[in-house]
>>> print(open('my_file_10.txt').read())   # compact mmCIF, C-alpha atoms
# COMPACT_ATOMS: atom_id res chain seq x y z
CA MET V 1 97.47 227.69 122.01
CA SER V 2 94.13 229.36 122.80
CA SER V 3 93.12 232.74 121.42
CA PRO V 4 93.42 235.74 123.78
CA ALA V 5 90.11 237.16 124.99
CA LEU V 6 88.64 240.54 125.90
CA PRO V 7 85.30 241.63 127.43
CA MET V 8 82.44 241.50 124.90
CA LEU V 9 81.87 245.25 125.00
CA TYR V 10 85.55 246.20 125.24
CA PHE V 11 85.29 248.28 122.05
CA ASP V 12 82.10 250.09 123.11
CA ASP V 13 82.45 253.86 123.47
CA ASP V 14 80.54 253.79 126.79
CA ASP V 15 83.05 253.40 129.61
CA SER V 16 80.35 252.15 131.96
CA VAL V 17 80.33 248.71 130.34
CA ILE V 18 84.08 248.17 130.81
CA PRO V 19 85.32 246.64 134.07
CA HIS V 20 87.00 249.26 136.23
CA ARG V 21 90.41 247.58 136.09
CA LEU V 22 90.35 247.72 132.26
CA ARG V 23 88.92 251.23 131.99
CA GLU V 24 91.89 253.42 132.93
CA GLU V 25 93.28 253.90 129.42
CA LYS V 26 89.94 253.79 127.55
CA PRO V 27 89.65 256.78 125.21
CA LYS V 28 86.93 259.37 125.65
CA GLU V 29 86.09 259.52 121.95
CA ALA V 30 84.01 256.90 120.17
CA ILE V 31 85.96 254.09 118.54
CA LEU V 32 84.76 253.01 115.12
CA HIS V 33 81.25 253.96 116.22
CA ASP V 34 79.77 252.94 112.90
CA LEU V 35 80.09 249.27 113.88
CA PRO V 36 78.34 247.59 116.83
CA PRO V 37 80.84 246.81 119.61
CA GLU V 38 79.84 243.14 119.56
CA LEU V 39 80.78 242.91 115.87
CA LEU V 40 84.06 244.70 116.47
CA HIS V 41 84.81 242.30 119.29
CA ARG V 42 84.09 239.30 117.06
CA CYS V 43 86.14 240.58 114.15
CA LEU V 44 89.10 241.85 116.13
CA THR V 45 89.53 239.25 118.87
CA GLN V 46 87.72 236.00 118.16
CA TYR V 47 90.16 235.02 115.43
CA ALA V 48 93.15 237.00 116.72
CA ASP V 49 96.28 235.67 118.33
CA TRP V 50 98.68 237.64 120.52
CA GLY V 51 100.61 238.91 117.53
CA ASP V 52 97.41 240.28 116.01
CA LEU V 53 96.63 242.12 119.24
CA VAL V 54 100.10 243.65 119.18
CA LYS V 55 99.41 244.99 115.69
CA LEU V 56 95.96 246.26 116.67
CA ALA V 57 97.49 248.06 119.64
CA CYS V 58 99.43 250.18 117.14
CA VAL V 59 96.35 251.21 115.15
CA GLN V 60 95.23 253.95 117.51
CA LYS V 61 96.17 255.31 120.90
CA GLY V 62 93.03 254.04 122.61
CA TRP V 63 94.00 250.45 121.91
CA LYS V 64 97.56 250.64 123.19
CA ASN V 65 96.79 248.42 126.19
CA LEU V 66 95.04 245.67 124.23
CA VAL V 67 97.70 243.07 125.06
CA ARG V 68 97.84 243.89 128.75
CA ASP V 69 94.06 243.97 129.03
CA ALA V 70 93.74 240.63 127.25
CA ALA V 71 96.21 239.10 129.69
CA ASP V 72 94.30 240.54 132.66
CA PHE V 73 90.93 239.43 131.32
CA GLY V 74 92.17 235.96 130.42
CA GLY V 75 93.52 235.35 133.90
CA ARG V 76 96.41 233.17 134.92
CA ASP V 77 96.58 230.94 131.83
CA ALA V 78 96.45 233.84 129.38
CA THR V 79 99.14 235.71 131.29
CA TRP V 80 101.38 232.63 131.37
CA GLU V 81 100.94 232.10 127.64
CA LEU V 82 101.93 235.71 126.93
CA ILE V 83 104.96 235.36 129.22
CA MET V 84 106.19 232.32 127.33
CA LEU V 85 105.77 234.16 124.02
CA LEU V 86 107.82 237.07 125.32
CA LEU V 87 110.51 234.76 126.65
CA ARG V 88 110.80 232.07 124.06
CA GLY V 89 108.64 232.66 121.01
CA SER V 90 105.32 231.13 120.04
CA ASP V 91 106.79 227.97 118.52
CA SER V 92 107.90 226.79 121.97
CA VAL V 93 104.57 227.34 123.74
CA GLU V 94 103.19 223.82 124.18
CA SER V 95 100.26 224.46 126.50
CA SER V 96 98.68 227.17 128.58
CA SER V 97 99.11 225.33 131.87
CA GLY V 98 102.85 225.86 131.93
CA GLU V 99 103.51 222.72 133.96
CA GLU V 100 106.01 221.23 131.51
CA LEU V 101 107.82 224.56 131.28
CA VAL V 102 108.80 224.67 134.94
CA ASP V 103 110.82 221.47 134.73
CA GLN V 104 114.41 222.41 135.42
CA ASN V 105 115.76 220.58 132.38
CA LYS V 106 113.56 222.52 129.95
CA TYR V 107 114.65 226.05 130.74
CA SER V 108 116.32 227.54 127.68
CA PHE V 109 115.33 231.20 127.79
CA GLN V 110 118.89 232.43 127.40
CA ASN V 111 119.59 230.13 124.45
CA ASN V 112 116.77 231.35 122.23
CA SER V 113 118.37 233.44 119.51
CA THR V 114 115.10 234.36 117.79
CA THR V 115 114.44 238.11 118.03
CA LYS V 116 110.88 237.90 116.76
CA ASN V 117 108.55 234.93 116.80
CA CYS V 118 106.30 233.99 113.89
CA ARG V 119 103.29 235.75 115.41
CA GLY V 120 104.93 239.14 115.28
CA ILE V 121 105.62 239.67 118.98
CA ALA V 122 109.10 241.02 119.57
CA LYS V 123 111.00 239.03 122.18
CA ASN V 124 110.98 241.10 125.35
CA GLU V 125 112.48 239.28 128.31
CA ALA V 126 112.36 242.29 130.64
CA LEU V 127 108.62 242.68 130.07
CA ALA V 128 108.18 238.94 130.60
CA VAL V 129 109.89 239.21 133.99
CA LYS V 130 107.50 242.02 134.95
CA TYR V 131 104.52 239.83 134.09
CA LEU V 132 106.12 236.91 135.94
CA THR V 133 106.68 239.03 139.04
CA ARG V 134 103.06 240.12 139.06
CA LEU V 135 101.80 236.58 138.42
CA SER V 136 104.06 235.09 141.11
CA GLY V 137 102.19 236.91 143.85
CA VAL V 138 105.48 237.53 145.68
CA GLU V 139 107.44 240.77 145.80
CA ILE V 140 111.11 240.92 146.73
CA SER V 141 110.15 243.30 149.52
CA ASP V 142 108.04 240.49 151.02
CA ILE V 143 111.11 238.29 151.49
CA ASP V 144 113.40 238.44 154.49
CA PHE V 145 116.92 238.03 153.12
CA GLY V 146 118.52 237.85 156.53
CA SER V 147 122.16 238.89 156.95
CA VAL V 148 124.02 238.44 153.66
CA ASP V 149 127.40 240.06 153.16
CA SER V 150 127.30 240.07 149.36
CA VAL V 151 124.26 239.23 147.26
CA GLY V 152 124.75 237.32 144.01
CA THR V 153 128.40 236.27 144.40
CA ASP V 154 129.97 232.93 145.23
CA SER V 155 131.42 234.20 148.50
CA GLY V 156 128.25 235.91 149.66
CA VAL V 157 125.51 233.42 148.75
CA LYS V 158 124.15 231.86 151.89
CA SER V 159 123.00 228.24 152.13
CA TYR V 160 119.35 227.89 153.09
CA LEU V 161 117.61 224.89 154.62
CA PRO V 162 113.88 224.06 154.47
CA THR V 163 113.52 225.40 158.01
CA ASP V 164 115.08 228.79 157.16
CA TRP V 165 111.96 230.77 156.38
CA SER V 166 110.17 233.61 158.09
CA GLY V 167 107.76 234.69 155.35
CA LYS V 168 104.07 235.15 156.09
CA ALA V 169 101.37 232.98 154.53
CA ASN V 170 100.63 233.80 150.90
CA THR V 171 97.66 232.20 149.16
CA LYS V 172 98.26 234.11 145.91
CA ALA V 173 101.70 232.64 145.20
CA ASP V 174 102.04 230.87 141.84
CA GLU V 175 104.44 227.90 141.72
CA SER V 176 105.27 228.04 138.01
CA ALA V 177 105.88 231.79 138.00
CA LEU V 178 108.13 231.62 141.07
CA ILE V 179 110.27 228.83 139.61
CA ALA V 180 110.49 230.61 136.26
CA LEU V 181 111.54 233.83 138.01
CA ALA V 182 114.27 231.94 139.85
CA GLN V 183 115.57 230.64 136.54
CA CYS V 184 115.55 234.13 135.06
CA TYR V 185 117.74 235.39 137.90
CA LEU V 186 120.08 232.41 137.58
CA THR V 187 120.58 233.00 133.86
CA GLY V 188 120.29 236.80 133.80
CA THR V 189 117.24 236.59 131.55
CA GLY V 190 115.23 239.81 131.54
CA VAL V 191 117.09 241.21 134.56
CA LYS V 192 120.12 243.47 134.85
CA ASN V 193 122.40 240.89 136.44
CA GLN V 194 122.41 237.27 137.51
CA ASN V 195 121.49 237.04 141.18
CA ALA V 196 121.68 233.69 142.92
CA GLU V 197 120.36 235.07 146.20
CA ILE V 198 117.09 236.25 144.67
CA ALA V 199 116.77 232.97 142.75
CA LEU V 200 117.15 230.99 145.98
CA HIS V 201 114.48 233.02 147.70
CA TYR V 202 111.98 232.68 144.86
CA LEU V 203 112.48 228.91 144.97
CA GLN V 204 112.06 228.92 148.74
CA ALA V 205 108.89 230.96 148.36
CA ALA V 206 107.55 228.38 145.90
CA TYR V 207 108.29 225.59 148.38
CA HIS V 208 106.85 227.28 151.46
CA TYR V 209 103.87 229.01 149.84
CA THR V 210 102.77 226.31 147.38
CA LYS V 211 104.32 223.10 148.78
CA SER V 212 106.27 222.84 145.53
CA VAL V 213 108.30 219.63 145.34
CA LYS V 214 109.79 220.85 142.07
CA SER V 215 111.33 223.86 143.77
CA ALA V 216 112.68 221.74 146.64
CA HIS V 217 114.25 219.33 144.16
CA LYS V 218 115.71 222.22 142.16
CA LEU V 219 117.22 223.72 145.32
CA ALA V 220 118.81 220.38 146.18
CA LEU V 221 120.29 220.04 142.69
CA MET V 222 121.67 223.58 142.86
CA TYR V 223 123.52 222.83 146.10
CA GLU V 224 124.71 219.44 144.79
CA TYR V 225 125.72 220.30 141.23
CA PRO V 226 127.23 223.73 140.36
CA ARG V 227 125.98 223.56 136.75
CA GLU V 228 122.40 223.74 138.04
CA SER V 229 123.03 227.28 139.28
CA ASN V 230 125.35 228.38 136.44
CA ASN V 231 128.19 228.03 138.96
CA LEU V 232 126.79 230.83 141.10
CA ILE V 233 126.22 228.74 144.24
CA PRO V 234 128.95 226.82 146.09
CA ILE V 235 128.46 223.10 146.68
CA ASP V 236 126.80 222.36 150.00
CA VAL V 237 126.05 218.65 150.36
CA TYR V 238 124.33 219.17 153.71
CA ALA V 239 121.84 221.65 152.26
CA ALA V 240 121.36 219.36 149.25
CA PHE V 241 120.52 216.44 151.52
CA GLU V 242 117.94 218.46 153.46
CA TRP V 243 116.20 219.67 150.31
CA PHE V 244 116.22 216.19 148.76
CA ARG V 245 114.65 214.91 151.96
CA ALA V 246 112.03 217.67 151.97
CA ALA V 247 111.00 216.85 148.40
CA ALA V 248 111.15 213.08 148.92
CA GLU V 249 108.90 213.26 151.98
CA LEU V 250 106.36 215.10 149.83
CA GLY V 251 106.40 212.29 147.27
CA HIS V 252 108.85 213.56 144.62
CA VAL V 253 110.20 210.35 143.08
CA PRO V 254 113.54 211.59 141.63
CA SER V 255 114.28 213.15 145.05
CA MET V 256 113.62 209.79 146.70
CA ALA V 257 116.33 208.23 144.55
CA GLU V 258 118.73 211.13 145.21
CA LEU V 259 118.07 210.93 148.95
CA ALA V 260 118.77 207.20 148.87
CA LEU V 261 122.07 207.89 147.13
CA CYS V 262 122.96 210.43 149.83
CA TYR V 263 122.41 207.76 152.49
CA GLU V 264 124.29 205.15 150.46
CA LEU V 265 127.36 207.36 150.02
CA GLY V 266 127.14 209.24 153.31
CA CYS V 267 126.84 212.51 151.39
CA GLY V 268 125.47 215.27 153.59
CA THR V 269 124.47 212.77 156.26
CA ALA V 270 125.77 209.70 158.04
CA GLN V 271 126.17 206.63 155.82
CA ASN V 272 123.18 204.33 156.32
CA ASP V 273 122.56 201.31 154.09
CA THR V 274 119.21 200.57 155.72
CA ALA V 275 117.88 204.07 155.07
CA ALA V 276 119.31 204.01 151.55
CA LEU V 277 117.53 200.73 150.76
CA ASP V 278 114.27 202.04 152.24
CA TRP V 279 114.28 205.10 149.96
CA TYR V 280 115.44 203.14 146.92
CA MET V 281 112.50 200.79 147.42
CA LYS V 282 110.08 203.71 147.76
CA ALA V 283 111.43 205.23 144.55
CA ALA V 284 111.35 201.88 142.74
CA ASN V 285 107.80 201.17 143.83
CA SER V 286 106.89 204.60 142.44
CA GLY V 287 108.27 203.71 139.03
CA HIS V 288 111.89 204.92 139.18
CA GLY V 289 113.78 202.52 136.92
CA ALA V 290 117.34 202.99 138.19
CA SER V 291 116.25 202.44 141.78
CA HIS V 292 115.21 198.87 140.93
CA TYR V 293 118.83 198.15 140.13
CA SER V 294 120.01 199.81 143.34
CA VAL V 295 117.68 197.66 145.41
CA GLY V 296 118.99 194.55 143.66
CA GLU V 297 122.56 195.66 144.30
CA HIS V 298 121.84 195.93 148.02
CA TYR V 299 120.57 192.34 148.06
CA GLU V 300 123.50 191.10 146.00
CA GLU V 301 126.07 192.80 148.24
CA ALA V 302 124.21 192.26 151.54
CA ARG V 303 124.00 195.96 152.32
CA GLY V 304 121.24 196.59 154.86
CA VAL V 305 119.67 193.17 154.13
CA PRO V 306 120.87 189.55 154.15
CA HIS V 307 122.68 188.33 151.04
CA ASP V 308 120.08 187.09 148.53
CA GLU V 309 121.07 186.69 144.88
CA GLU V 310 117.67 185.39 143.87
CA GLU V 311 115.95 188.53 145.18
CA ALA V 312 118.65 190.61 143.50
CA CYS V 313 117.85 188.99 140.15
CA LEU V 314 114.17 189.79 140.51
CA TRP V 315 114.99 193.47 141.03
CA TYR V 316 117.54 193.45 138.20
CA HIS V 317 114.90 191.96 135.93
CA ARG V 318 112.44 194.77 136.78
CA ALA V 319 115.15 197.34 136.06
CA ALA V 320 115.98 195.69 132.73
CA VAL V 321 112.33 195.61 131.69
CA LEU V 322 112.21 199.36 132.31
CA GLY V 323 115.18 199.83 129.99
CA GLU V 324 117.95 200.19 132.57
CA GLU V 325 121.23 198.87 131.21
CA ASP V 326 122.54 198.36 134.75
CA GLY V 327 119.73 195.88 135.30
CA VAL V 328 120.89 193.97 132.23
CA SER V 329 124.46 194.00 133.57
CA GLY V 330 123.25 192.63 136.89
CA LEU V 331 121.48 189.74 135.16
CA LYS V 332 124.60 188.98 133.14
CA ARG V 333 126.62 188.94 136.33
CA LEU V 334 124.17 186.57 138.05
CA ARG V 335 123.05 184.70 134.93
CA HIS V 336 123.28 181.30 136.58
CA VAL V 337 120.86 182.47 139.27
CA ALA V 338 118.69 184.32 136.74
CA ARG V 339 118.14 181.11 134.76
CA ARG V 340 116.80 179.51 137.92
CA VAL V 341 114.49 182.27 139.24
CA LEU V 342 113.16 183.82 136.04
CA SER V 343 110.71 182.14 133.73
CA ALA V 344 111.80 180.94 130.30
CA ASN V 345 109.52 183.52 128.68
CA ASN V 346 111.05 186.35 130.72
CA LEU V 347 114.54 185.26 129.79
CA GLN V 348 113.64 184.95 126.12
CA GLU V 349 112.06 188.41 126.03
CA LEU V 350 115.12 189.97 127.66
CA ALA V 351 117.48 188.12 125.37
CA GLU V 352 115.62 189.39 122.32
CA GLN V 353 115.28 192.93 123.66
CA HIS V 354 118.91 193.32 124.71
CA GLU V 355 120.57 190.65 122.54
CA LEU V 356 121.63 188.75 125.63
CA VAL V 357 122.41 185.37 124.19
CA GLU V 358 124.75 184.63 127.12
CA ILE V 359 121.82 184.61 129.54
CA LEU V 360 120.20 181.78 127.62
CA ASP V 361 123.37 179.79 126.93
CA GLU V 362 124.27 177.14 129.46
>>> encode(input="my_file_10.txt", output="C-alpha cells")
Amino acid sequence: MSSPALPMLYFDDDDSVIPHRLREEKPKEAILHDLPPELLHRCLTQYADWGDLVKLACVQKGWKNLVRDAADFGGRDATWELIMLLLRGSDSVESSSGEELVDQNKYSFQNNSTTKNCRGIAKNEALAVKYLTRLSGVEISDIDFGSVDSVGTDSGVKSYLPTDWSGKANTKADESALIALAQCYLTGTGVKNQNAEIALHYLQAAYHYTKSVKSAHKLALMYEYPRESNNLIPIDVYAAFEWFRAAAELGHVPSMAELALCYELGCGTAQNDTAALDWYMKAANSGHGASHYSVGEHYEEARGVPHDEEEACLWYHRAAVLGEEDGVSGLKRLRHVARRVLSANNLQELAEQHELVEILDE
C-alpha cells in the first residue's frame, strides 16, 4: 500500500500556493510557522499512512480535511485505497488498482467484524459509500429508472436486458466504483436499506459506460442464481441468457461457458447443441478447463457433431491436465480408446497425477 500524498506546500501559511480545490478549509493563521513548509510536509506526510493522517487531522482545526485532501490530491488510486480501508480495514487492501476487489466472489464488506483496523482508521461504511459515489462518476439522478411499482422488493424489481438503457454518454464513469456500489446496495453496506433496483442500475451503468464484462457477468449471475443478489431479485433465465451473451461476446471467458450451458440446456433460449459446442470450444480455447470436458462430451455423445470417441479422449485429456476431475472420469470411461490415441508418456503422467492405474492396465 502506497503512502498518501499532499501538495508540497500544503502546510504553508500562504493560501496562494495551495490549489483552489484544496484551499477552502485552509486556516487564516500561520501553521507551525517556525518550520519551513517543505520540512513539515516531509515529516508529516512522507512517512505517514492513512491512519497517521487521521490522527494529524485531530491536532488542530486547520488540518481537519487532511484525509479528504490527500484522497483528492492522490487521484483515483488514493481514493480507492481509502475507500477499501473504510470498508474492510487495511489488512485486506491488496493493491491500489482495485481490480481484484471488484470480482464478485471477493465481496465481503458485510462480513468484516473489525470496528477499527490496525492503522487507526475507524470503519465507516457510510463515508466509504460517499467516496464511492463520487468516484463512480454516476449520480442516481442521472439514471432513468423507468416505471417501477416498488423499488427494492422482490415483487417490484424489474428485469433489465442489455438493450434497456437510455443514459447519456459518460466518460468519467469508473467501473470498479460502480460495481462496488452495486454490491453495497445488495448487502446494505453503508446505506440505509438494501436496494436491488439501484444495484441493478449501477451495474448497468458500468456495462454501458465502461464496457464492463464483469458487470454484465454479475448481472447474469444475479438473474440466474438468487444467492448472487442476496435473494432480492427473482430468477429470470431469459435476462440471464442475454447478459451472459453480452459478456461472452466481449470476450469474458466464464460467460462463454455459461452461455454454452444455456444453449445446451435450453435455458433462456432454444436448445441448440451446435451453438453450445461453438461457445464451449471458444471458452476452452481461452483456457476454461471445464469447457474442455464439455466439448469432449459433445463428441462422445454426438451432440452437434458426428460421434467421435477419439476426439472426445483428446478433449478429456486436456481437461484432465488442467485438473478437471470430469476429464479424468471421461478418460476412465473411454480408457480403451484413450490407450490408443494418447501417448504412453501422457498416460503415465495422468496415471501418476490422478492415481489412475486402471487406465494403464489392459
>>> closest_residue(input="my_file_10.txt", among="V:Gly268, V:Ser286, V:Met281, V:Glu325", to="His252 of chain V", atoms="all atoms listed in the file")
V:Ser286
>>> atom_distance(input="my_file_10.txt", atom1="atom CA of Glu249 of chain V", atom2="atom CA of Val305 of chain V")
22.9 Å
>>> atom_distance(input="my_file_10.txt", atom1="atom CA of Lys282 of chain V", atom2="atom CA of Trp315 of chain V")
13.2 Å
>>> residues_around(input="my_file_10.txt", residues="segment 204-212 of chain V", least_positions_apart="6", cutoff="12 Å", atoms="all atoms listed in the file", output="PDB file with C-alpha atoms, in the coordinates of the input")
ATOM      1  CA  GLU V  99     103.510 222.720 133.960  1.00  0.00           C
ATOM      2  CA  VAL V 102     108.800 224.670 134.940  1.00  0.00           C
ATOM      3  CA  ASP V 103     110.820 221.470 134.730  1.00  0.00           C
ATOM      4  CA  SER V 136     104.060 235.090 141.110  1.00  0.00           C
ATOM      5  CA  GLY V 137     102.190 236.910 143.850  1.00  0.00           C
ATOM      6  CA  VAL V 138     105.480 237.530 145.680  1.00  0.00           C
ATOM      7  CA  GLU V 139     107.440 240.770 145.800  1.00  0.00           C
ATOM      8  CA  ILE V 140     111.110 240.920 146.730  1.00  0.00           C
ATOM      9  CA  ASP V 142     108.040 240.490 151.020  1.00  0.00           C
ATOM     10  CA  ILE V 143     111.110 238.290 151.490  1.00  0.00           C
ATOM     11  CA  ASP V 144     113.400 238.440 154.490  1.00  0.00           C
ATOM     12  CA  PHE V 145     116.920 238.030 153.120  1.00  0.00           C
ATOM     13  CA  SER V 159     123.000 228.240 152.130  1.00  0.00           C
ATOM     14  CA  TYR V 160     119.350 227.890 153.090  1.00  0.00           C
ATOM     15  CA  LEU V 161     117.610 224.890 154.620  1.00  0.00           C
ATOM     16  CA  PRO V 162     113.880 224.060 154.470  1.00  0.00           C
ATOM     17  CA  THR V 163     113.520 225.400 158.010  1.00  0.00           C
ATOM     18  CA  ASP V 164     115.080 228.790 157.160  1.00  0.00           C
ATOM     19  CA  TRP V 165     111.960 230.770 156.380  1.00  0.00           C
ATOM     20  CA  SER V 166     110.170 233.610 158.090  1.00  0.00           C
ATOM     21  CA  GLY V 167     107.760 234.690 155.350  1.00  0.00           C
ATOM     22  CA  LYS V 168     104.070 235.150 156.090  1.00  0.00           C
ATOM     23  CA  ALA V 169     101.370 232.980 154.530  1.00  0.00           C
ATOM     24  CA  ASN V 170     100.630 233.800 150.900  1.00  0.00           C
ATOM     25  CA  THR V 171      97.660 232.200 149.160  1.00  0.00           C
ATOM     26  CA  LYS V 172      98.260 234.110 145.910  1.00  0.00           C
ATOM     27  CA  ALA V 173     101.700 232.640 145.200  1.00  0.00           C
ATOM     28  CA  ASP V 174     102.040 230.870 141.840  1.00  0.00           C
ATOM     29  CA  GLU V 175     104.440 227.900 141.720  1.00  0.00           C
ATOM     30  CA  SER V 176     105.270 228.040 138.010  1.00  0.00           C
ATOM     31  CA  ALA V 177     105.880 231.790 138.000  1.00  0.00           C
ATOM     32  CA  LEU V 178     108.130 231.620 141.070  1.00  0.00           C
ATOM     33  CA  ILE V 179     110.270 228.830 139.610  1.00  0.00           C
ATOM     34  CA  ALA V 180     110.490 230.610 136.260  1.00  0.00           C
ATOM     35  CA  LEU V 181     111.540 233.830 138.010  1.00  0.00           C
ATOM     36  CA  ALA V 182     114.270 231.940 139.850  1.00  0.00           C
ATOM     37  CA  GLU V 197     120.360 235.070 146.200  1.00  0.00           C
ATOM     38  CA  ILE V 198     117.090 236.250 144.670  1.00  0.00           C
ATOM     39  CA  LYS V 218     115.710 222.220 142.160  1.00  0.00           C
ATOM     40  CA  LEU V 219     117.220 223.720 145.320  1.00  0.00           C
ATOM     41  CA  ALA V 220     118.810 220.380 146.180  1.00  0.00           C
ATOM     42  CA  TRP V 243     116.200 219.670 150.310  1.00  0.00           C
ATOM     43  CA  ALA V 246     112.030 217.670 151.970  1.00  0.00           C
ATOM     44  CA  ALA V 247     111.000 216.850 148.400  1.00  0.00           C
ATOM     45  CA  ALA V 248     111.150 213.080 148.920  1.00  0.00           C
ATOM     46  CA  GLU V 249     108.900 213.260 151.980  1.00  0.00           C
ATOM     47  CA  LEU V 250     106.360 215.100 149.830  1.00  0.00           C
ATOM     48  CA  GLY V 251     106.400 212.290 147.270  1.00  0.00           C
ATOM     49  CA  HIS V 252     108.850 213.560 144.620  1.00  0.00           C
TER      50      HIS V 252
END
>>> closest_residue(input="my_file_10.txt", among="V:Ala302, V:Leu261, V:Ala290, V:Ala338", to="Ala319 of chain V", atoms="all atoms listed in the file")
V:Ala290
>>> closest_residue(input="my_file_10.txt", among="V:Asn65, V:Ser329, V:Ser291, V:Thr187", to="Glu125 of chain V", atoms="only C-alpha atoms")
V:Thr187
>>> residues_around(input="my_file_10.txt", residues="Asp278 of chain V", least_positions_apart="3", cutoff="12 Å", atoms="all atoms listed in the file", output="PDB file with C-alpha atoms, in the frame of the given file")
ATOM      1  CA  ALA V 248     111.150 213.080 148.920  1.00  0.00           C
ATOM      2  CA  MET V 256     113.620 209.790 146.700  1.00  0.00           C
ATOM      3  CA  ALA V 257     116.330 208.230 144.550  1.00  0.00           C
ATOM      4  CA  LEU V 259     118.070 210.930 148.950  1.00  0.00           C
ATOM      5  CA  ALA V 260     118.770 207.200 148.870  1.00  0.00           C
ATOM      6  CA  LEU V 261     122.070 207.890 147.130  1.00  0.00           C
ATOM      7  CA  TYR V 263     122.410 207.760 152.490  1.00  0.00           C
ATOM      8  CA  GLU V 264     124.290 205.150 150.460  1.00  0.00           C
ATOM      9  CA  ASN V 272     123.180 204.330 156.320  1.00  0.00           C
ATOM     10  CA  ASP V 273     122.560 201.310 154.090  1.00  0.00           C
ATOM     11  CA  THR V 274     119.210 200.570 155.720  1.00  0.00           C
ATOM     12  CA  ALA V 275     117.880 204.070 155.070  1.00  0.00           C
ATOM     13  CA  MET V 281     112.500 200.790 147.420  1.00  0.00           C
ATOM     14  CA  LYS V 282     110.080 203.710 147.760  1.00  0.00           C
ATOM     15  CA  ALA V 283     111.430 205.230 144.550  1.00  0.00           C
ATOM     16  CA  ALA V 284     111.350 201.880 142.740  1.00  0.00           C
ATOM     17  CA  ASN V 285     107.800 201.170 143.830  1.00  0.00           C
ATOM     18  CA  SER V 291     116.250 202.440 141.780  1.00  0.00           C
ATOM     19  CA  HIS V 292     115.210 198.870 140.930  1.00  0.00           C
ATOM     20  CA  SER V 294     120.010 199.810 143.340  1.00  0.00           C
ATOM     21  CA  VAL V 295     117.680 197.660 145.410  1.00  0.00           C
ATOM     22  CA  HIS V 298     121.840 195.930 148.020  1.00  0.00           C
ATOM     23  CA  ARG V 303     124.000 195.960 152.320  1.00  0.00           C
ATOM     24  CA  GLY V 304     121.240 196.590 154.860  1.00  0.00           C
ATOM     25  CA  VAL V 305     119.670 193.170 154.130  1.00  0.00           C
TER      26      VAL V 305
END
>>> atom_distance(input="my_file_10.txt", atom1="atom CA of Tyr185 of chain V", atom2="atom CA of Ala199 of chain V")
5.5 Å
>>> axis_aligned_box(input="my_file_10.txt", around="segment 299-315 of chain V", padding_each_side="6 Å", output="AutoDock Vina command-line options")
--center_x 120.1 --center_y 191.0 --center_z 147.5 --size_x 23.9 --size_y 23.2 --size_z 26.7
>>> closest_residue(input="my_file_10.txt", among="V:His288, V:Lys123, V:Lys55, V:Arg68", to="Leu86 of chain V", atoms="all atoms listed in the file")
V:Lys123
>>> closest_residue(input="my_file_10.txt", among="V:Cys184, V:Ile121, V:Leu6, V:Val129", to="Ile83 of chain V", atoms="all atoms listed in the file")
V:Val129
>>> closest_residue(input="my_file_10.txt", among="V:Glu297, V:Asp77, V:Asp72, V:Asp236", to="Asp326 of chain V", atoms="all atoms listed in the file")
V:Glu297
